[in-house]
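I have placed the structure first, in the form of structure tokens, so that the comments after it can refer back to it.
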Amino acid sequence: QRFLDSLDARDRRWIQPLGFVSEEEKRDLLAAADVLALPSRTESFGLVFLEAWANGKPVIGARVGAIPAVIEDGADGLLVPFGHVAALAEAIRILITDRDLAARLAARGRAKVIDEATWYERVRSVYRSVLGSTAEGMRQEEGVASYAAV
């Protein structure tokens, strides 16, 4: 809030703080978006990129922290230098005007999410093969499977 308050009124008019966003609202926002741009300096993992890809959206992130480990520049998204407004604007322009590129990046990102998400099932399958039927009777705690529960 302090950051927003420090901005000139001309700049603040372009920012709409959302506060808490429910999962349903998040899905609706992603469905309405053409591109997800998150040029953050402090994003530690980039889960929002995975959510955008899962919803078939192309992504833009800053080349900082862990983001380059999530986004492969030019393959499943675009990376821009942190704080470089012109580069961010150009990346957004590219993805809005080149719909084929945007679709290819989004599809590659979605495929990555699907591939990575299947690791759980692969691990579970290994545990089942090792533990046999005893693994079937084990339960999950609070909806999150522990290694012992698979």
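A note on labels: chains of the structure tokens are A, B, ... as shown, every chain counts residues from 1, and ligands are counted from 1 in their shown order.
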Using only C-alpha atoms, which protein or nucleic acid residues come within 9 Å of Gly65 of chain A? Drop anything in the same chain fewer than 2 positions from it, and give the result as JSON, numbers by chain. {"A": [41, 42, 43, 44, 45, 62, 63, 67, 68, 69]}
Those same residues, written as a CSV table (one decimal), in the first residue's frame with C-alpha atoms?
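Wrote part10.csv, looks like this:
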chain,number,residue,atom,x,y,z
A,41,ARG,CA,11.8,-9.0,-8.5
A,42,THR,CA,10.8,-11.2,-5.5
A,43,GLU,CA,8.9,-14.1,-7.0
A,44,SER,CA,10.6,-17.1,-5.4
A,45,PHE,CA,9.0,-19.9,-7.4
A,62,ALA,CA,11.7,-11.0,-15.2
A,63,ARG,CA,15.1,-12.5,-15.7
A,67,ILE,CA,12.1,-17.2,-12.7
A,68,PRO,CA,14.6,-18.2,-15.4
A,69,ALA,CA,14.5,-21.8,-13.9
Find the residues around Gly77 of chain A up to 9 Å (only C-alpha atoms counted), leave out those fewer than 3 positions away in its own chain, and share them as JSON, numbers by chain. {"A": [58, 59, 60, 61, 71, 72, 73, 74, 102, 105, 106, 108, 109]}
Can you write out the residues you just picked, keeping N, CA and C atoms, as a tab-separated table (two decimals), in the first residue's frame?
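Saved file selection23.tsv follows:
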chain	number	residue	atom	x	y	z
A	58	PRO	N	0.09	-17.48	-22.48
A	58	PRO	CA	1.53	-17.22	-22.58
A	58	PRO	C	1.97	-16.35	-21.41
A	59	VAL	N	3.24	-16.46	-21.03
A	59	VAL	CA	3.73	-15.74	-19.85
A	59	VAL	C	4.98	-14.92	-20.16
A	60	ILE	N	5.14	-13.87	-19.36
A	60	ILE	CA	6.33	-13.02	-19.39
A	60	ILE	C	6.79	-12.85	-17.96
A	61	GLY	N	8.07	-13.09	-17.72
A	61	GLY	CA	8.63	-12.90	-16.39
A	61	GLY	C	9.93	-12.12	-16.46
A	71	ILE	N	10.76	-20.36	-16.46
A	71	ILE	CA	10.46	-19.98	-17.85
A	71	ILE	C	11.69	-20.18	-18.71
A	72	GLU	N	11.54	-20.94	-19.78
A	72	GLU	CA	12.61	-21.08	-20.76
A	72	GLU	C	12.35	-20.03	-21.84
A	73	ASP	N	13.17	-18.97	-21.83
A	73	ASP	CA	12.96	-17.82	-22.70
A	73	ASP	C	12.86	-18.24	-24.16
A	74	GLY	N	11.75	-17.85	-24.79
A	74	GLY	CA	11.54	-18.14	-26.21
A	74	GLY	C	10.98	-19.52	-26.48
A	102	ALA	N	2.29	-16.63	-29.37
A	102	ALA	CA	1.66	-16.70	-28.05
A	102	ALA	C	1.07	-18.09	-27.82
A	105	LEU	N	3.95	-20.70	-27.27
A	105	LEU	CA	4.55	-20.59	-25.93
A	105	LEU	C	3.60	-21.13	-24.87
A	106	ALA	N	2.32	-20.77	-24.98
A	106	ALA	CA	1.32	-21.24	-24.02
A	106	ALA	C	1.19	-22.76	-24.06
A	108	ARG	N	3.43	-24.96	-25.07
A	108	ARG	CA	4.65	-25.57	-24.52
A	108	ARG	C	4.66	-25.48	-22.99
A	109	GLY	N	4.22	-24.34	-22.46
A	109	GLY	CA	4.12	-24.19	-21.01
A	109	GLY	C	3.11	-25.15	-20.41
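Using only C-alpha atoms, the smallest distance between any of A:Gln1, A:Ser40, A:Thr97, A:Asn55 and Leu79 of chain A comes from A:Ser40.
Proximity of A:Gly56, A:Pro17, A:Gly46, A:Pro39 to Ala111 of chain A, computed with only C-alpha atoms, is greatest for A:Gly56.
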In chain A, what's helix (DSSP H, G or I) per DSSP? Answer as a PyMOL selection string? chain A and resi 2-6+9-12+23-32+47-54+67-70+85-97+99-117+119-131+134-137+147-149
Could you pull out all residues of segment 1-85 of chain A with a DSSP call of strand (DSSP E) and give them as a VMD selection string? chain A and resid 36 to 38 59 to 62 78 to 80
Please, what distance in Å, to one decimal, runs between atom CA of Ala91 of chain A and atom CA of Asp34 of chain A? 12.5 Å
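Residue nearest Ala117 of chain A, chosen from A:Val35, A:Val64, A:Ile92, A:Leu50 and counting only C-alpha atoms: A:Leu50.
Atom pair atom CA of Lys112 of chain A / atom CA of Lys57 of chain A has a distance of 12.8 Å (rounded to one decimal).
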So that I can see what lies close to Asp5 of chain A, please list as an NGL selection string the residues with an atom at most 12 Å from it, counting only C-alpha atoms and leaving out residues fewer than 6 positions away in the same chain. :A and (11-13 or 15 or 17)
Could you give me, as a list in words, the residues within 9 Å of segment 20-29 of chain A, counting only C-alpha atoms and dropping anything in the same chain fewer than 2 positions from it? Leu18, Ala31, Ala32, Ala33, Glu51, Ala52 and Asn55 of chain A
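Proximity ranking of A:Asp98, A:Glu121, A:Leu36, A:Phe49 relative to Ala66 of chain A places A:Phe49 first, based on only C-alpha atoms.
Among the candidates A:Leu131, A:Ala9, A:Val123, A:Val80, the one nearest to Leu38 of chain A when counting only C-alpha atoms is A:Val80.
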